[in-house]
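Structure file input-v4.csv with CSV, C-alpha atoms:
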```
chain,number,residue,atom,x,y,z
A,1,MET,CA,8.4,206.2,240.5
A,2,GLN,CA,7.6,207.2,236.9
A,3,THR,CA,4.0,207.3,235.7
A,4,HIS,CA,3.1,204.6,233.3
A,5,SER,CA,0.0,204.9,231.1
A,6,VAL,CA,-1.6,202.3,228.9
A,7,TYR,CA,-4.3,203.1,226.3
A,8,PHE,CA,-6.6,200.6,224.7
A,9,CYS,CA,-8.7,200.8,221.6
A,10,ASN,CA,-12.4,200.6,222.3
A,11,TYR,CA,-14.4,198.6,219.7
A,12,SER,CA,-17.9,197.7,218.5
A,13,ILE,CA,-18.6,194.5,216.5
A,14,GLY,CA,-21.7,193.3,214.8
A,15,THR,CA,-23.8,193.8,211.7
A,16,ASP,CA,-25.0,197.3,212.4
A,17,VAL,CA,-22.0,198.9,214.2
A,18,TYR,CA,-21.8,201.9,211.9
A,19,ASN,CA,-25.0,203.1,213.5
A,20,GLN,CA,-23.0,203.8,216.7
A,21,ALA,CA,-20.4,205.9,215.0
A,22,ALA,CA,-22.1,209.3,215.4
A,23,GLU,CA,-22.8,208.9,219.1
A,24,THR,CA,-19.3,207.7,219.7
A,25,CYS,CA,-17.4,210.2,217.6
A,26,ARG,CA,-19.4,213.5,217.7
A,27,VAL,CA,-18.0,214.4,221.2
A,28,TYR,CA,-14.7,215.1,219.2
A,29,GLY,CA,-16.3,217.5,216.7
A,30,LYS,CA,-18.3,217.5,213.5
A,31,LYS,CA,-16.1,217.3,210.4
A,32,VAL,CA,-14.5,214.1,209.2
A,33,LEU,CA,-11.8,213.2,206.7
A,34,LEU,CA,-12.4,209.7,205.5
A,35,ILE,CA,-9.3,207.8,204.2
A,36,GLY,CA,-9.6,204.4,202.7
A,37,GLY,CA,-8.8,201.8,200.1
A,38,LYS,CA,-10.7,201.8,196.8
A,39,LEU,CA,-12.5,198.4,197.3
A,40,ALA,CA,-13.0,199.2,201.0
A,41,LEU,CA,-14.8,202.4,200.2
A,42,GLU,CA,-16.9,200.7,197.7
A,43,ALA,CA,-17.9,198.2,200.4
A,44,GLY,CA,-18.4,200.6,203.3
A,45,GLU,CA,-18.7,204.3,202.4
A,46,ALA,CA,-22.4,204.3,201.5
A,47,ARG,CA,-23.1,202.2,204.6
A,48,LEU,CA,-21.3,204.7,206.7
A,49,ARG,CA,-22.9,207.8,205.1
A,50,SER,CA,-26.3,206.3,205.7
A,51,ALA,CA,-25.5,205.7,209.3
A,52,LEU,CA,-24.3,209.3,209.8
A,53,GLU,CA,-27.3,210.9,208.0
A,54,GLY,CA,-28.9,213.5,210.2
A,55,SER,CA,-26.4,212.9,213.0
A,56,GLY,CA,-24.5,216.2,212.8
A,57,LEU,CA,-21.3,214.5,211.6
A,58,GLU,CA,-20.1,215.6,208.2
A,59,ILE,CA,-17.7,213.8,205.9
A,60,ALA,CA,-15.8,216.8,204.5
A,61,ASP,CA,-13.8,214.7,202.0
A,62,VAL,CA,-13.1,211.1,201.0
A,63,VAL,CA,-9.6,210.2,199.7
A,64,LEU,CA,-7.8,207.0,198.7
A,65,PHE,CA,-4.8,206.2,200.8
A,66,GLY,CA,-2.8,205.3,197.7
A,67,HIS,CA,-0.9,202.1,197.0
A,68,GLU,CA,1.5,202.1,200.0
A,69,CYS,CA,1.5,203.4,203.5
A,70,THR,CA,4.2,206.1,203.2
A,71,TYR,CA,5.4,209.0,205.3
A,72,ALA,CA,5.0,211.2,202.2
A,73,ARG,CA,1.3,210.3,201.8
A,74,MET,CA,0.7,210.8,205.6
A,75,ASP,CA,2.1,214.3,205.2
A,76,GLU,CA,0.0,215.1,202.2
A,77,LEU,CA,-3.2,213.9,203.9
A,78,ALA,CA,-2.4,215.7,207.2
A,79,ALA,CA,-2.0,219.0,205.2
A,80,LEU,CA,-5.4,218.3,203.6
A,81,ALA,CA,-7.0,217.6,207.0
A,82,LYS,CA,-5.7,221.0,208.3
A,83,GLU,CA,-6.8,222.7,205.1
A,84,LEU,CA,-10.3,221.3,205.5
A,85,GLU,CA,-10.3,222.0,209.3
A,86,VAL,CA,-11.6,218.6,210.1
A,87,ASP,CA,-11.9,217.4,213.7
A,88,MET,CA,-11.1,213.7,213.2
A,89,ILE,CA,-9.9,211.1,210.8
A,90,PHE,CA,-11.8,208.0,209.8
A,91,GLY,CA,-9.8,205.1,208.3
A,92,MET,CA,-11.6,202.4,206.3
A,93,GLY,CA,-10.0,199.3,204.8
A,94,GLY,CA,-7.2,196.9,205.4
A,95,GLY,CA,-3.9,197.3,207.1
A,96,LYS,CA,-2.2,199.8,204.8
A,97,ALA,CA,-5.2,202.1,204.6
A,98,LEU,CA,-5.7,202.0,208.4
A,99,ASP,CA,-2.0,202.6,209.0
A,100,THR,CA,-2.1,205.6,206.7
A,101,ALA,CA,-5.1,207.0,208.5
A,102,LYS,CA,-3.4,206.5,211.9
A,103,GLY,CA,-0.2,208.2,210.7
A,104,THR,CA,-2.2,211.1,209.1
A,105,ALA,CA,-4.1,211.6,212.4
A,106,ARG,CA,-0.8,211.7,214.3
A,107,LYS,CA,0.8,214.2,212.0
A,108,ALA,CA,-2.4,216.4,212.1
A,109,GLY,CA,-2.9,216.1,215.8
A,110,LEU,CA,-6.3,214.6,215.5
A,111,PRO,CA,-8.2,211.6,216.9
A,112,VAL,CA,-8.6,208.6,214.6
A,113,PHE,CA,-11.3,206.0,214.3
A,114,THR,CA,-11.0,202.8,212.3
A,115,PHE,CA,-13.5,200.9,210.1
A,116,PRO,CA,-11.8,197.6,209.1
A,117,THR,CA,-13.3,195.9,206.1
A,118,ILE,CA,-11.2,192.8,206.2
A,119,ALA,CA,-9.8,190.8,209.1
A,120,ALA,CA,-6.3,190.2,207.8
A,121,THR,CA,-4.4,192.3,210.5
A,122,CYS,CA,-4.9,194.0,213.8
A,123,ALA,CA,-4.1,197.4,212.3
A,124,ALA,CA,-7.6,198.7,213.4
A,125,THR,CA,-6.6,198.4,217.1
A,126,THR,CA,-2.8,199.0,217.4
A,127,ALA,CA,-0.7,202.0,218.2
A,128,LEU,CA,1.7,201.7,215.2
A,129,SER,CA,1.9,201.8,211.5
A,130,VAL,CA,4.0,199.7,209.2
A,131,VAL,CA,5.5,202.3,206.8
A,132,TYR,CA,6.9,201.5,203.3
A,133,ARG,CA,8.8,203.3,200.6
A,134,GLU,CA,7.2,204.2,197.3
A,135,ASP,CA,8.7,201.0,195.7
A,136,GLY,CA,6.9,198.8,198.3
A,137,SER,CA,10.0,198.1,200.4
A,138,PHE,CA,9.8,198.3,204.2
A,139,GLU,CA,11.0,201.6,205.7
A,140,SER,CA,10.2,201.6,209.4
A,141,PHE,CA,7.6,201.2,212.2
A,142,TYR,CA,5.8,204.4,213.2
A,143,PHE,CA,4.8,204.2,216.9
A,144,TYR,CA,2.1,206.2,218.5
A,145,PRO,CA,1.3,207.1,222.2
A,146,ARG,CA,-2.1,205.5,221.9
A,147,PRO,CA,-4.2,203.4,219.5
A,148,PRO,CA,-7.3,204.5,217.6
A,149,TYR,CA,-10.0,205.8,219.9
A,150,HIS,CA,-12.6,203.3,218.6
A,151,ALA,CA,-12.8,200.5,216.0
A,152,PHE,CA,-16.1,199.8,214.3
A,153,ILE,CA,-16.0,196.2,213.1
A,154,ASP,CA,-18.8,195.4,210.7
A,155,LEU,CA,-19.2,191.7,210.3
A,156,THR,CA,-21.5,192.0,207.3
A,157,ILE,CA,-18.7,193.8,205.3
A,158,ILE,CA,-16.0,191.4,206.5
A,159,ALA,CA,-18.2,188.3,205.6
A,160,GLN,CA,-18.6,189.6,202.1
A,161,ALA,CA,-14.8,190.2,201.6
A,162,PRO,CA,-12.6,187.6,200.0
A,163,ASP,CA,-12.1,184.7,202.4
A,164,ARG,CA,-8.3,184.7,201.7
A,165,TYR,CA,-7.9,187.8,204.0
A,166,LEU,CA,-9.6,186.1,206.9
A,167,GLN,CA,-7.5,183.0,206.2
A,168,ALA,CA,-4.3,185.0,206.2
A,169,GLY,CA,-5.4,186.9,209.3
A,170,MET,CA,-5.8,183.6,211.2
A,171,GLY,CA,-2.3,182.5,210.1
A,172,ASP,CA,-0.8,185.7,211.5
A,173,THR,CA,-2.8,185.5,214.7
A,174,ILE,CA,-1.7,182.0,215.3
A,175,GLY,CA,1.9,183.3,215.0
A,176,LYS,CA,1.2,185.8,217.8
A,177,TYR,CA,0.5,183.0,220.3
A,178,PHE,CA,3.5,180.9,219.5
A,179,GLU,CA,6.0,183.7,219.0
A,180,CYS,CA,4.9,185.6,222.2
A,181,HIS,CA,5.3,182.5,224.4
A,182,PHE,CA,8.6,181.5,222.7
A,183,ALA,CA,10.2,185.0,222.9
A,184,ALA,CA,9.2,185.4,226.5
A,185,ARG,CA,10.4,182.0,227.6
A,186,GLY,CA,12.6,182.2,230.7
A,187,ASP,CA,12.0,186.0,231.3
A,188,THR,CA,10.5,187.5,234.4
A,189,LEU,CA,7.8,189.6,232.9
A,190,ALA,CA,6.4,192.9,234.1
A,191,HIS,CA,2.6,193.2,234.5
A,192,ASP,CA,2.0,194.5,231.0
A,193,SER,CA,4.0,191.8,229.2
A,194,ALA,CA,2.7,189.1,231.4
A,195,LEU,CA,-0.9,190.1,230.7
A,196,GLY,CA,-0.2,190.4,227.0
A,197,ARG,CA,1.3,186.9,226.9
A,198,GLU,CA,-1.8,185.5,228.6
A,199,ILE,CA,-4.0,187.3,226.1
A,200,SER,CA,-2.0,185.7,223.4
A,201,ASN,CA,-3.7,182.4,224.3
A,202,MET,CA,-6.9,184.0,222.9
A,203,CYS,CA,-5.0,184.2,219.5
A,204,TYR,CA,-5.0,180.4,219.2
A,205,ALA,CA,-7.7,178.7,221.3
A,206,PRO,CA,-10.7,180.4,219.7
A,207,LEU,CA,-9.3,179.7,216.2
A,208,LEU,CA,-8.9,176.0,217.0
A,209,GLU,CA,-12.6,176.0,218.0
A,210,HIS,CA,-14.1,178.3,215.4
A,211,GLY,CA,-11.6,178.9,212.6
A,212,VAL,CA,-12.6,176.3,210.1
A,213,GLN,CA,-16.3,177.1,210.5
A,214,ALA,CA,-15.5,180.8,210.3
A,215,LEU,CA,-13.7,180.3,207.0
A,216,GLN,CA,-16.6,178.3,205.6
A,217,ASP,CA,-19.1,181.0,206.7
A,218,CYS,CA,-17.0,183.8,205.1
A,219,ARG,CA,-16.9,181.8,201.9
A,220,ALA,CA,-20.7,181.7,202.1
A,221,GLY,CA,-20.9,185.5,202.9
A,222,MET,CA,-22.5,184.8,206.3
A,223,ALA,CA,-21.9,186.9,209.4
A,224,THR,CA,-22.1,184.2,212.1
A,225,HIS,CA,-21.0,183.5,215.6
A,226,ALA,CA,-18.0,181.5,214.4
A,227,LEU,CA,-16.9,184.4,212.1
A,228,LYS,CA,-17.3,186.8,215.0
A,229,GLN,CA,-14.9,184.7,217.2
A,230,ALA,CA,-12.3,184.5,214.4
A,231,VAL,CA,-12.5,188.3,213.7
A,232,LEU,CA,-12.2,189.1,217.4
A,233,ALA,CA,-9.1,186.9,217.6
A,234,ASN,CA,-7.5,188.5,214.4
A,235,ILE,CA,-8.3,192.1,215.2
A,236,VAL,CA,-8.8,192.5,218.9
A,237,SER,CA,-6.9,189.8,220.7
A,238,THR,CA,-3.8,190.3,218.5
A,239,GLY,CA,-4.0,194.0,218.9
A,240,LEU,CA,-4.2,193.8,222.7
A,241,VAL,CA,-1.1,191.6,222.7
A,242,SER,CA,0.7,194.1,220.5
A,243,LEU,CA,-0.3,197.0,222.9
A,244,MET,CA,0.6,195.2,226.1
A,245,VAL,CA,3.9,193.3,225.6
A,246,LEU,CA,7.3,194.7,225.1
A,247,ASP,CA,8.2,194.8,221.5
A,248,ASP,CA,10.7,192.0,222.3
A,249,TYR,CA,7.8,189.6,222.6
A,250,ASN,CA,5.7,190.5,219.6
A,251,CYS,CA,7.6,188.4,217.0
A,252,ALA,CA,10.2,185.7,216.8
A,253,ILE,CA,11.3,183.0,214.3
A,254,ALA,CA,8.1,182.8,212.4
A,255,HIS,CA,8.1,186.5,211.4
A,256,SER,CA,11.8,186.4,210.7
A,257,VAL,CA,11.2,183.5,208.3
A,258,TYR,CA,8.6,185.6,206.5
A,259,TYR,CA,10.8,188.6,206.1
A,260,ALA,CA,13.6,186.3,204.9
A,261,LEU,CA,11.5,184.6,202.3
A,262,VAL,CA,10.2,187.9,200.8
A,263,LEU,CA,13.8,188.4,199.5
A,264,LEU,CA,13.0,185.8,196.8
A,265,PRO,CA,11.8,187.4,193.6
A,266,GLY,CA,8.0,187.5,193.3
A,267,PHE,CA,7.4,185.7,196.6
A,268,GLU,CA,5.7,188.6,198.4
A,269,GLN,CA,3.4,189.2,195.4
A,270,ALA,CA,2.4,185.5,195.4
A,271,GLN,CA,1.9,184.9,199.1
A,272,LEU,CA,-0.1,186.6,201.8
A,273,HIS,CA,1.8,187.7,204.9
A,274,GLY,CA,-0.2,185.7,207.4
A,275,ASN,CA,-0.1,182.5,205.5
A,276,VAL,CA,3.7,182.6,205.4
A,277,VAL,CA,3.9,183.5,209.1
A,278,ALA,CA,1.9,180.3,209.8
A,279,TYR,CA,4.4,178.3,207.8
A,280,GLY,CA,7.1,180.1,209.9
A,281,VAL,CA,5.5,178.9,213.1
A,282,LEU,CA,6.1,175.3,211.8
A,283,VAL,CA,9.7,176.2,211.3
A,284,GLN,CA,9.9,177.7,214.8
A,285,LEU,CA,8.4,174.7,216.4
A,286,LEU,CA,10.9,172.4,214.6
A,287,VAL,CA,13.8,174.6,215.5
A,288,ASP,CA,12.6,174.2,219.1
A,289,GLY,CA,12.3,170.4,218.7
A,290,ASP,CA,8.5,170.3,219.3
A,291,ILE,CA,7.5,167.9,216.5
A,292,GLU,CA,4.3,166.8,218.1
A,293,GLU,CA,3.0,170.4,218.3
A,294,ALA,CA,4.2,171.0,214.7
A,295,ARG,CA,2.2,168.0,213.6
A,296,ARG,CA,-1.0,169.2,215.3
A,297,LEU,CA,-0.6,172.7,213.9
A,298,LYS,CA,0.1,171.4,210.4
A,299,ALA,CA,-3.1,169.4,210.5
A,300,PHE,CA,-5.0,172.5,211.5
A,301,LEU,CA,-3.4,174.7,208.9
A,302,GLN,CA,-4.4,172.2,206.3
A,303,GLN,CA,-8.0,172.4,207.4
A,304,LEU,CA,-7.7,176.2,206.8
A,305,ASP,CA,-6.2,175.5,203.3
A,306,ILE,CA,-3.0,177.3,204.4
A,307,ARG,CA,0.1,176.1,202.5
A,308,THR,CA,2.5,174.3,204.9
A,309,THR,CA,5.6,173.6,202.8
A,310,LEU,CA,8.0,175.5,200.6
A,311,ALA,CA,7.0,173.3,197.7
A,312,GLU,CA,3.4,174.4,198.0
A,313,MET,CA,4.7,178.0,197.8
A,314,ASP,CA,6.8,177.2,194.7
A,315,VAL,CA,10.1,177.6,196.5
A,316,ARG,CA,13.0,175.2,195.9
A,317,LEU,CA,14.4,173.4,198.9
A,318,ASP,CA,18.0,174.2,197.8
A,319,ARG,CA,20.5,175.6,200.3
A,320,ASP,CA,22.4,177.6,197.7
A,321,TYR,CA,19.2,179.1,196.4
A,322,LEU,CA,18.1,179.9,199.9
A,323,LYS,CA,21.5,181.3,201.1
A,324,ALA,CA,20.3,184.9,201.5
A,325,VAL,CA,17.0,183.7,203.1
A,326,LEU,CA,18.9,181.7,205.7
A,327,HIS,CA,21.2,184.6,206.5
A,328,GLU,CA,18.2,187.1,206.8
A,329,ALA,CA,16.2,184.6,208.9
A,330,VAL,CA,18.9,184.5,211.7
A,331,THR,CA,20.0,188.2,211.5
A,332,GLY,CA,16.6,190.0,211.2
A,333,PRO,CA,15.4,192.2,214.1
A,334,ASP,CA,12.8,189.7,215.2
A,335,MET,CA,15.6,187.4,216.3
A,336,GLU,CA,17.1,189.9,218.7
A,337,HIS,CA,15.2,188.5,221.7
A,338,ILE,CA,14.7,184.8,221.7
A,339,PRO,CA,15.6,182.2,224.3
A,340,TYR,CA,18.7,180.8,222.6
A,341,PRO,CA,20.9,181.5,219.6
A,342,VAL,CA,19.6,180.2,216.3
A,343,SER,CA,22.0,179.4,213.4
A,344,GLU,CA,21.5,179.1,209.7
A,345,ASP,CA,22.1,175.4,210.0
A,346,MET,CA,19.2,175.2,212.5
A,347,ILE,CA,16.8,177.1,210.2
A,348,TRP,CA,17.9,174.9,207.2
A,349,ASP,CA,17.3,171.7,209.2
A,350,ALA,CA,13.9,173.0,210.2
A,351,PHE,CA,13.1,173.9,206.6
A,352,CYS,CA,13.9,170.3,205.6
A,353,ALA,CA,12.0,168.9,208.5
A,354,VAL,CA,8.9,170.9,207.7
A,355,GLU,CA,8.9,169.6,204.1
A,356,ALA,CA,9.1,166.0,205.5
A,357,LEU,CA,6.5,166.5,208.3
```

Could you write out this structure as structure tokens?
Amino acid sequence: MQTHSVYFCNYSIGTDVYNQAAETCRVYGKKVLLIGGKLALEAGEARLRSALEGSGLEIADVVLFGHECTYARMDELAALAKELEVDMIFGMGGGKALDTAKGTARKAGLPVFTFPTIAATCAATTALSVVYREDGSFESFYFYPRPPYHAFIDLTIIAQAPDRYLQAGMGDTIGKYFECHFAARGDTLAHDSALGREISNMCYAPLLEHGVQALQDCRAGMATHALKQAVLANIVSTGLVSLMVLDDYNCAIAHSVYYALVLLPGFEQAQLHGNVVAYGVLVQLLVDGDIEEARRLKAFLQQLDIRTTLAEMDVRLDRDYLKAVLHEAVTGPDMEHIPYPVSEDMIWDAFCAVEAL
């Protein structure tokens, strides 16, 4: 029987978690390369430096990740890490910054630690990066044998970040619950995937209970219990599902709808990923004929101020206009493992039904 290993990302969450970084990380060495986004570093670098003062950990250099997470940038930063002879990589920021840091660490053969400054994605805890080309188009996923060694989730910083990132993170997290259960329907699951599917319940239930309050607290800049529960769902629960399940069960119709809609000129620049995924869940539910669940979800998304129709996203409900979108929605890679075939007519009918919901 083959050996099967599963690695998880440890994490700390609270308002003073950076104070734990030195004790957690210095077993791996002393010198650090810190990679981050511009706004993220403005929000967190001084806080981190203060926490590391006198600890024996040294930040050898601080660099911006760039505008996109690309293989070329990972190679550049890995070469810098080797030149500086650092012992570990710290990533600070949102998804693209953290994904760049993870890829850099992999190419340099170093451990990586993450410091998320927004709660829009689970990049801080997952064993992959979403890699783009220089023009911003998607290139590939870059998978790793293990996730970051530890994520330091500072609620004070996240509470002071723009609330739209928390909002979009909740939309994407809701998608993880619905898509995982849908894609796994009818399958006999191995332990890992079965456990991941059950964890996906924690991507929805806590948000139903705490999501609206968490969004209000973020808008007020307050690190509260409700915000903590939403952040844990967005960053930790979603990350655990991603780590546990087969890739077949990570996405389904909702994400395929997102990747189809971004074919429209200007759409990706105008809409945040997670909000569109949440709309895609409504499409998925109506493809599946579950109108009552769609109504319940729509009401909840409206409480989160997430747009629930194409009209609200300034997209015309016109079949000719959406021809390429419909084709991509049914042929994209996220549709390779779903419980039954889905046609362009089914997606179109669901688009119409969502508008009328």

What are the centre and the three edge lengths of an axis-aligned box that wraps all atoms of segment 88-103 of chain A in the file, given that 6 Å is added to every side, written as AutoDock Vina command-line options and rounded to one decimal in Å?
```
--center_x -6.0 --center_y 205.3 --center_z 208.9 --size_x 23.6 --size_y 28.8 --size_z 20.6
```

So that I can check the surroundings of Ala101 of chain A, please list as a PyMOL selection string every protein, DNA and RNA residue that reaches within 7 Å of it, counting only C-alpha atoms and ignoring chain neighbours fewer than 3 positions away. chain A and resi 35+89-91+97-98+104-105

Quick one: distance from atom CA of Leu34 of chain A to atom CA of Leu84 of chain A in Å, one decimal?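 Pair atom CA of Leu34 of chain A / atom CA of Leu84 of chain A returns 11.8 Å.
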
Atom CA of Thr224 of chain A to atom CA of Asn250 of chain A, distance in Å rounded to a single decimal: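 Atom CA of Asn250 of chain A lies at a distance of 29.5 Å from atom CA of Thr224 of chain A.
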
Which neighbours of Ala119 of chain A fall inside 6 Å, counting all atoms listed in the file, when residues of the same chain fewer than 6 positions from it are skipped, and could you give them as a ChimeraX atom specification? /A:166,169,231

Looking at A:Met346, A:Ala124, A:Val17, A:Val354, which one is nearest to Arg295 of chain A, with distances taken over all atoms listed in the file?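 Smallest distance to Arg295 of chain A is found for A:Val354.
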
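Residues in contact with Val130 of chain A at 7 Å, where all atoms listed in the file are counted and same-chain residues fewer than 2 positions away are skipped, are listed as Asp99, Leu128, Tyr132, Ser140, Phe141 and Tyr142 of chain A.
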
List every protein, DNA or RNA residue with an atom no more than 10 Å from (-9.1, 219.0, 207.5) in the file's coordinates, counting only C-alpha atoms, and format the result as a count of residues only. 20

Compare A:Ala260, A:Val241, A:Ala184, A:Ile13 by their minimum atom-to-atom distance to Lys228 of chain A, counting only C-alpha atoms, and give me the closest one. A:Ile13
